[in-house]
Amino acid sequence: MSAYLPPLVIDVRVKEEDSRGFRIWLPLFLLWPLFFILLALALVGTLIADFVLLLGGARYHHHTLLVLRSLGLLAAARGTHVRANNDGTRVNVDIY
């Protein structure tokens, strides 16, 4: 079930040489209600557009699939870990 959910949290940690560094925790789950409302509006709009294009005889009328697969791509971002190391700086980004 969690494979189809958007990311919950983004954790960014920056550590420079000879400094304490800092950490930022971005709670994306607080944006989920807004995201789901926008997703519902986008799905309704794309369903109407696909239906009108299908009736009009257009060759491409798969905008709803584009929105749904974009949601799948967003959900696939969960579990991403990025480590960037420079001469004196380390940056870690984790998406949960």
# chains A, B, ... in the order shown; residues from 1 in each chain; ligands from 1

$ residues_around --residues "Val44 in chain A" --least-positions-apart "6" --cutoff "10 Å" --atoms "only C-alpha atoms" --output "PyMOL selection string"
chain A and resi 38+50+64

$ write_last_selection --atoms "C-alpha atoms" --output "mmCIF file, in the first residue's frame"
data_model
loop_
_atom_site.group_PDB
_atom_site.id
_atom_site.type_symbol
_atom_site.label_atom_id
_atom_site.label_comp_id
_atom_site.auth_asym_id
_atom_site.auth_seq_id
_atom_site.Cartn_x
_atom_site.Cartn_y
_atom_site.Cartn_z
ATOM 1 C CA LEU A 38 -5.679 19.392 -6.744
ATOM 2 C CA ASP A 50 -10.115 12.904 -22.900
ATOM 3 C CA THR A 64 -5.721 10.997 -17.605
#

$ select_by_dssp --residues "chain A" --states "helix (DSSP H, G or I)" --output "PyMOL selection string"
chain A and resi 2-4+28-56+63-76

$ residues_around --residues "range 81-89 of chain A" --least-positions-apart "6" --cutoff "8 Å" --atoms "only C-alpha atoms" --output "PyMOL selection string"
chain A and resi 14-17+95

$ write_last_selection --atoms "C-alpha atoms" --output "tab-separated table (two decimals), in the first residue's frame"
chain	number	residue	atom	x	y	z
A	14	VAL	CA	24.36	19.78	5.56
A	15	LYS	CA	27.68	19.41	7.36
A	16	GLU	CA	30.65	21.64	6.62
A	17	GLU	CA	34.15	21.03	7.86
A	95	ILE	CA	13.03	11.16	1.07

$ closest_residue --among "A:Phe22, A:Phe29, A:Tyr60, A:Phe36" --to "Ile10 in chain A" --atoms "only C-alpha atoms"
A:Phe29

$ residues_around --residues "Trp32 in chain A" --least-positions-apart "5" --cutoff "12 Å" --atoms "only C-alpha atoms" --output "MDAnalysis selection string"
chainID A and resid 5:9 27 37:39

$ write_last_selection --atoms "C-alpha atoms" --output "compact mmCIF listing (two decimals), in the first residue's frame"
# COMPACT_ATOMS: atom_id res chain seq x y z
CA LEU A 5 1.65 7.08 -1.47
CA PRO A 6 3.57 10.31 -2.09
CA PRO A 7 6.59 11.06 0.11
CA LEU A 8 5.96 11.83 3.76
CA VAL A 9 9.10 13.71 4.76
CA PRO A 27 6.93 17.48 6.53
CA ILE A 37 -7.83 18.19 -3.84
CA LEU A 38 -5.68 19.39 -6.74
CA LEU A 39 -5.30 15.81 -7.96

$ select_by_dssp --residues "chain A" --states "strand (DSSP E or B)" --output "list in words"
Val9, Ile10, Asp11, Val12, Arg13, Val14, Lys15, Glu16, Phe22, Arg23, Ile24, Trp25, Leu26, Pro27, His81, Val82, Arg83, Ala84, Asn85, Thr89, Arg90, Val91, Asn92, Val93, Asp94 and Ile95 of chain A

$ residues_around --residues "Leu65 in chain A" --least-positions-apart "4" --cutoff "10 Å" --atoms "only C-alpha atoms" --output "list in words"
Leu43, Thr46, Leu47, Asp50, His61, Arg69, Ser70 and Leu71 of chain A

$ closest_residue --among "A:Tyr4, A:Leu28, A:Arg20, A:Leu73" --to "Tyr96 in chain A" --atoms "only C-alpha atoms"
A:Leu28

$ residues_around --residues "Arg13 in chain A" --least-positions-apart "6" --cutoff "6 Å" --atoms "only C-alpha atoms" --output "mmCIF file with C-alpha atoms, in the first residue's frame"
data_model
loop_
_atom_site.group_PDB
_atom_site.id
_atom_site.type_symbol
_atom_site.label_atom_id
_atom_site.label_comp_id
_atom_site.auth_asym_id
_atom_site.auth_seq_id
_atom_site.Cartn_x
_atom_site.Cartn_y
_atom_site.Cartn_z
ATOM 1 C CA PHE A 22 22.316 21.984 10.146
ATOM 2 C CA ARG A 23 19.366 19.772 9.414
ATOM 3 C CA VAL A 91 24.994 17.092 1.959
ATOM 4 C CA ASN A 92 22.542 14.237 2.622
#

$ atom_distance --atom1 "CA of Gly45 in chain A" --atom2 "CA of Leu68 in chain A"
12.7 Å

$ decode --residues "range 36-85 of chain A" --atoms "N, CA and C atoms" --output "tab-separated table (two decimals), in the first residue's frame"
chain	number	residue	atom	x	y	z
A	36	PHE	N	-4.27	16.26	-2.70
A	36	PHE	CA	-5.35	15.37	-3.13
A	36	PHE	C	-6.53	16.16	-3.74
A	37	ILE	N	-6.79	17.35	-3.24
A	37	ILE	CA	-7.83	18.19	-3.84
A	37	ILE	C	-7.43	18.59	-5.25
A	38	LEU	N	-6.16	19.02	-5.41
A	38	LEU	CA	-5.68	19.39	-6.74
A	38	LEU	C	-5.65	18.19	-7.68
A	39	LEU	N	-5.31	17.02	-7.14
A	39	LEU	CA	-5.30	15.81	-7.96
A	39	LEU	C	-6.71	15.46	-8.42
A	40	ALA	N	-7.69	15.58	-7.55
A	40	ALA	CA	-9.07	15.29	-7.92
A	40	ALA	C	-9.55	16.25	-9.01
A	41	LEU	N	-9.22	17.53	-8.87
A	41	LEU	CA	-9.60	18.49	-9.91
A	41	LEU	C	-8.89	18.19	-11.23
A	42	ALA	N	-7.62	17.81	-11.18
A	42	ALA	CA	-6.88	17.48	-12.39
A	42	ALA	C	-7.47	16.24	-13.06
A	43	LEU	N	-7.84	15.25	-12.27
A	43	LEU	CA	-8.42	14.03	-12.85
A	43	LEU	C	-9.77	14.31	-13.51
A	44	VAL	N	-10.59	15.13	-12.88
A	44	VAL	CA	-11.88	15.48	-13.48
A	44	VAL	C	-11.65	16.24	-14.79
A	45	GLY	N	-10.73	17.19	-14.76
A	45	GLY	CA	-10.43	17.96	-15.97
A	45	GLY	C	-9.88	17.10	-17.10
A	46	THR	N	-8.98	16.18	-16.77
A	46	THR	CA	-8.40	15.33	-17.82
A	46	THR	C	-9.41	14.31	-18.34
A	47	LEU	N	-10.29	13.83	-17.46
A	47	LEU	CA	-11.33	12.91	-17.94
A	47	LEU	C	-12.27	13.62	-18.92
A	48	ILE	N	-12.63	14.84	-18.61
A	48	ILE	CA	-13.49	15.60	-19.53
A	48	ILE	C	-12.75	15.88	-20.84
A	49	ALA	N	-11.48	16.28	-20.74
A	49	ALA	CA	-10.70	16.55	-21.96
A	49	ALA	C	-10.53	15.30	-22.79
A	50	ASP	N	-10.26	14.16	-22.15
A	50	ASP	CA	-10.11	12.90	-22.90
A	50	ASP	C	-11.42	12.52	-23.59
A	51	PHE	N	-12.53	12.71	-22.91
A	51	PHE	CA	-13.83	12.37	-23.50
A	51	PHE	C	-14.14	13.26	-24.70
A	52	VAL	N	-13.87	14.56	-24.58
A	52	VAL	CA	-14.12	15.49	-25.68
A	52	VAL	C	-13.20	15.17	-26.86
A	53	LEU	N	-11.93	14.87	-26.58
A	53	LEU	CA	-11.00	14.53	-27.66
A	53	LEU	C	-11.36	13.21	-28.32
A	54	LEU	N	-11.86	12.26	-27.54
A	54	LEU	CA	-12.28	10.99	-28.10
A	54	LEU	C	-13.48	11.19	-29.04
A	55	LEU	N	-14.43	12.01	-28.61
A	55	LEU	CA	-15.59	12.31	-29.46
A	55	LEU	C	-15.19	13.09	-30.71
A	56	GLY	N	-14.17	13.92	-30.57
A	56	GLY	CA	-13.71	14.72	-31.71
A	56	GLY	C	-12.84	13.95	-32.68
A	57	GLY	N	-12.48	12.73	-32.34
A	57	GLY	CA	-11.68	11.91	-33.23
A	57	GLY	C	-10.19	12.16	-33.16
A	58	ALA	N	-9.70	12.77	-32.10
A	58	ALA	CA	-8.27	13.03	-31.96
A	58	ALA	C	-7.51	11.72	-31.77
A	59	ARG	N	-6.29	11.69	-32.27
A	59	ARG	CA	-5.50	10.48	-32.17
A	59	ARG	C	-4.98	10.25	-30.75
A	60	TYR	N	-4.63	11.31	-30.06
A	60	TYR	CA	-4.10	11.18	-28.71
A	60	TYR	C	-5.11	11.73	-27.72
A	61	HIS	N	-5.57	10.88	-26.83
A	61	HIS	CA	-6.53	11.31	-25.81
A	61	HIS	C	-6.28	10.55	-24.51
A	62	HIS	N	-5.03	10.59	-24.04
A	62	HIS	CA	-4.66	9.84	-22.84
A	62	HIS	C	-4.09	10.77	-21.76
A	63	HIS	N	-4.68	11.90	-21.56
A	63	HIS	CA	-4.19	12.84	-20.57
A	63	HIS	C	-4.41	12.33	-19.14
A	64	THR	N	-5.46	11.57	-18.93
A	64	THR	CA	-5.72	11.00	-17.60
A	64	THR	C	-4.62	10.01	-17.23
A	65	LEU	N	-4.18	9.21	-18.17
A	65	LEU	CA	-3.06	8.29	-17.90
A	65	LEU	C	-1.80	9.05	-17.55
A	66	LEU	N	-1.58	10.17	-18.18
A	66	LEU	CA	-0.42	11.00	-17.88
A	66	LEU	C	-0.44	11.47	-16.43
A	67	VAL	N	-1.60	11.92	-15.97
A	67	VAL	CA	-1.72	12.39	-14.58
A	67	VAL	C	-1.53	11.23	-13.61
A	68	LEU	N	-2.13	10.08	-13.87
A	68	LEU	CA	-2.00	8.93	-12.98
A	68	LEU	C	-0.58	8.40	-12.93
A	69	ARG	N	0.08	8.35	-14.06
A	69	ARG	CA	1.47	7.87	-14.07
A	69	ARG	C	2.43	8.87	-13.46
A	70	SER	N	2.09	10.16	-13.53
A	70	SER	CA	2.89	11.16	-12.83
A	70	SER	C	2.78	10.97	-11.31
A	71	LEU	N	1.60	10.60	-10.86
A	71	LEU	CA	1.42	10.29	-9.44
A	71	LEU	C	2.26	9.08	-9.05
A	72	GLY	N	2.32	8.08	-9.92
A	72	GLY	CA	3.16	6.91	-9.67
A	72	GLY	C	4.64	7.27	-9.63
A	73	LEU	N	5.05	8.21	-10.47
A	73	LEU	CA	6.44	8.66	-10.46
A	73	LEU	C	6.76	9.39	-9.16
A	74	LEU	N	5.83	10.19	-8.69
A	74	LEU	CA	6.01	10.88	-7.41
A	74	LEU	C	6.12	9.88	-6.26
A	75	ALA	N	5.28	8.84	-6.30
A	75	ALA	CA	5.32	7.82	-5.26
A	75	ALA	C	6.62	7.02	-5.31
A	76	ALA	N	7.20	6.88	-6.50
A	76	ALA	CA	8.44	6.14	-6.63
A	76	ALA	C	9.63	6.90	-6.05
A	77	ALA	N	9.45	8.18	-5.76
A	77	ALA	CA	10.53	8.97	-5.18
A	77	ALA	C	10.78	8.60	-3.71
A	78	ARG	N	9.82	7.93	-3.07
A	78	ARG	CA	10.02	7.51	-1.69
A	78	ARG	C	11.19	6.53	-1.62
A	79	GLY	N	11.99	6.68	-0.61
A	79	GLY	CA	13.15	5.80	-0.45
A	79	GLY	C	14.39	6.30	-1.16
A	80	THR	N	14.35	7.51	-1.70
A	80	THR	CA	15.50	8.07	-2.38
A	80	THR	C	16.47	8.65	-1.36
A	81	HIS	N	17.74	8.32	-1.52
A	81	HIS	CA	18.80	8.84	-0.66
A	81	HIS	C	19.88	9.42	-1.55
A	82	VAL	N	20.19	10.70	-1.35
A	82	VAL	CA	21.21	11.38	-2.14
A	82	VAL	C	22.32	11.82	-1.21
A	83	ARG	N	23.55	11.45	-1.56
A	83	ARG	CA	24.73	11.85	-0.78
A	83	ARG	C	25.66	12.62	-1.70
A	84	ALA	N	25.96	13.87	-1.34
A	84	ALA	CA	26.88	14.69	-2.13
A	84	ALA	C	28.02	15.14	-1.22
A	85	ASN	N	29.22	14.78	-1.59
A	85	ASN	CA	30.40	15.13	-0.81
A	85	ASN	C	31.33	16.00	-1.65
